[in-house]
Amino acid sequence: MDREQWAAAWWPRVYRMALALTGREADAEDLAQETLVAALDAAARFRGECAESTWFYSILRRLAMKRRRPAPVAAPAPPRDPALEEALGLLARLPIDQRITAALFYVEDMSVEQIADALGVARATVRWRLFRARQKLRNAFCREGV
């Protein structure tokens, strides 16, 4: 598989995760592109000690943390599914560590162990972040009647 095919194969997953983190399509496209470029540049250094997806998400996380832009509140335009847009908007309000953890768990369907490996934190930290994210999302859903 050449570099273009490799990048094309990973684009949907990387973009979906970037969208869950940023909440806006334009920012997600920028972050996904930066991630793929960084991954392509670092591909020779990938040792295979972890899953390729774990490696990608660690690059994406590092780049997202570097940006540290305030989380957008508005849903991307044009809205696709109002419920999905509202959920992404609420997810974008979470602190970045909780947002990344929740997105990996709910959007990418990763296990607690996989998330811990990808983020380089303890499993208990992942479970705590998920607990806090759920609390905040539940409260936001109740307040906003979603």
# chains A, B, ... in the order shown; residues from 1 in each chain; ligands from 1
>>> residues_around(residues="segment 126-134 of chain A", least_positions_apart="2", cutoff="7 Å", atoms="only C-alpha atoms", output="list in words")
Leu94, Gln98, Thr101, Ala102, Val112, Ala116, Ala122, Arg123, Ala124, Lys136, Leu137 and Arg138 of chain A
>>> write_last_selection(atoms="N, CA and C atoms", output="PDB file, in the first residue's frame")
ATOM      1  N   LEU A  94     -16.672  19.881  26.847  1.00  0.00           N
ATOM      2  CA  LEU A  94     -15.916  19.177  27.880  1.00  0.00           C
ATOM      3  C   LEU A  94     -14.460  19.627  27.873  1.00  0.00           C
ATOM      4  N   GLN A  98     -11.153  15.053  28.941  1.00  0.00           N
ATOM      5  CA  GLN A  98     -12.409  14.307  28.990  1.00  0.00           C
ATOM      6  C   GLN A  98     -12.989  14.152  27.589  1.00  0.00           C
ATOM      7  N   THR A 101     -11.004  11.442  25.733  1.00  0.00           N
ATOM      8  CA  THR A 101     -11.326  10.127  26.292  1.00  0.00           C
ATOM      9  C   THR A 101     -12.717   9.682  25.876  1.00  0.00           C
ATOM     10  N   ALA A 102     -13.701  10.560  25.993  1.00  0.00           N
ATOM     11  CA  ALA A 102     -15.075  10.214  25.618  1.00  0.00           C
ATOM     12  C   ALA A 102     -15.180   9.934  24.127  1.00  0.00           C
ATOM     13  N   VAL A 112     -11.337   0.657  27.471  1.00  0.00           N
ATOM     14  CA  VAL A 112     -10.618   1.444  28.475  1.00  0.00           C
ATOM     15  C   VAL A 112      -9.120   1.162  28.375  1.00  0.00           C
ATOM     16  N   ALA A 116      -6.225   3.875  27.494  1.00  0.00           N
ATOM     17  CA  ALA A 116      -5.111   4.086  28.427  1.00  0.00           C
ATOM     18  C   ALA A 116      -3.774   3.982  27.701  1.00  0.00           C
ATOM     19  N   ALA A 122      -3.141   5.782  33.213  1.00  0.00           N
ATOM     20  CA  ALA A 122      -3.638   4.577  33.884  1.00  0.00           C
ATOM     21  C   ALA A 122      -5.093   4.310  33.502  1.00  0.00           C
ATOM     22  N   ARG A 123      -5.493   3.049  33.596  1.00  0.00           N
ATOM     23  CA  ARG A 123      -6.889   2.689  33.311  1.00  0.00           C
ATOM     24  C   ARG A 123      -7.841   3.424  34.241  1.00  0.00           C
ATOM     25  N   ALA A 124      -7.439   3.576  35.497  1.00  0.00           N
ATOM     26  CA  ALA A 124      -8.288   4.287  36.464  1.00  0.00           C
ATOM     27  C   ALA A 124      -8.512   5.734  36.030  1.00  0.00           C
ATOM     28  N   LYS A 136     -21.082  15.370  33.291  1.00  0.00           N
ATOM     29  CA  LYS A 136     -21.237  16.684  32.668  1.00  0.00           C
ATOM     30  C   LYS A 136     -22.196  16.629  31.481  1.00  0.00           C
ATOM     31  N   LEU A 137     -22.091  15.592  30.670  1.00  0.00           N
ATOM     32  CA  LEU A 137     -22.992  15.457  29.522  1.00  0.00           C
ATOM     33  C   LEU A 137     -24.430  15.234  29.974  1.00  0.00           C
ATOM     34  N   ARG A 138     -24.612  14.394  31.005  1.00  0.00           N
ATOM     35  CA  ARG A 138     -25.965  14.150  31.524  1.00  0.00           C
ATOM     36  C   ARG A 138     -26.580  15.453  32.029  1.00  0.00           C
TER      37      ARG A 138
END
>>> residues_around(residues="Thr35 of chain A", least_positions_apart="5", cutoff="10 Å", atoms="only C-alpha atoms", output="VMD selection string")
chain A and resid 7 11 14 to 15 18 29 to 30 40 to 41 56 to 64
>>> write_last_selection(atoms="C-alpha atoms", output="JSON list (two decimals), in the first residue's frame")
[["chain", "number", "residue", "atom", "x", "y", "z"],
["A", 7, "ALA", "CA", -3.63, 8.06, 4.14],
["A", 11, "TRP", "CA", -8.81, 9.48, 6.66],
["A", 14, "VAL", "CA", -8.95, 10.27, 11.83],
["A", 15, "TYR", "CA", -11.48, 12.83, 10.55],
["A", 18, "ALA", "CA", -11.00, 15.11, 14.91],
["A", 29, "GLU", "CA", -10.35, 18.78, 8.48],
["A", 30, "ASP", "CA", -7.31, 20.85, 9.48],
["A", 40, "LEU", "CA", 3.36, 9.98, 7.21],
["A", 41, "ASP", "CA", 6.48, 11.86, 8.32],
["A", 56, "PHE", "CA", -2.65, 7.56, 15.19],
["A", 57, "TYR", "CA", -4.76, 8.68, 18.14],
["A", 58, "SER", "CA", -1.69, 9.60, 20.16],
["A", 59, "ILE", "CA", -0.53, 11.83, 17.28],
["A", 60, "LEU", "CA", -4.02, 13.33, 16.96],
["A", 61, "ARG", "CA", -4.21, 13.93, 20.71],
["A", 62, "ARG", "CA", -0.80, 15.61, 20.79],
["A", 63, "LEU", "CA", -1.73, 17.93, 17.92],
["A", 64, "ALA", "CA", -5.14, 18.71, 19.46]]
>>> atom_distance(atom1="atom CA of Ala28 of chain A", atom2="atom CA of Phe105 of chain A")
18.1 Å
>>> closest_residue(among="A:Val37, A:Leu21, A:Ala118, A:Leu31", to="Glu4 of chain A", atoms="only C-alpha atoms")
A:Val37
>>> closest_residue(among="A:Leu88, A:Ala43, A:Leu119, A:Ile96", to="Asp2 of chain A", atoms="only C-alpha atoms")
A:Ala43
>>> atom_distance(atom1="atom CA of Ala8 of chain A", atom2="atom CA of Ser111 of chain A")
24.7 Å
>>> residues_around(residues="Glu108 of chain A", least_positions_apart="3", cutoff="9 Å", atoms="only C-alpha atoms", output="list in words")
Arg13, Arg16, Met17, Ala103, Leu104 and Phe105 of chain A
>>> write_last_selection(atoms="C-alpha atoms", output="PDB file, in the first residue's frame")
ATOM      1  CA  ARG A  13     -11.362   7.397  11.238  1.00  0.00           C
ATOM      2  CA  ARG A  16     -14.302  11.360  12.664  1.00  0.00           C
ATOM      3  CA  MET A  17     -12.148  11.585  15.784  1.00  0.00           C
ATOM      4  CA  ALA A 103     -14.558  10.495  21.866  1.00  0.00           C
ATOM      5  CA  LEU A 104     -12.210   7.502  21.815  1.00  0.00           C
ATOM      6  CA  PHE A 105     -14.680   5.485  23.887  1.00  0.00           C
TER       7      PHE A 105
END
>>> residues_around(residues="Trp10 of chain A", least_positions_apart="6", cutoff="10 Å", atoms="only C-alpha atoms", output="ChimeraX atom specification")
/A:32,36,52-53,56
>>> atom_distance(atom1="atom CA of Glu85 of chain A", atom2="atom CA of Gly23 of chain A")
8.3 Å
>>> select_by_dssp(residues="chain A", states="alpha helix (DSSP H)", output="count of residues only")
102
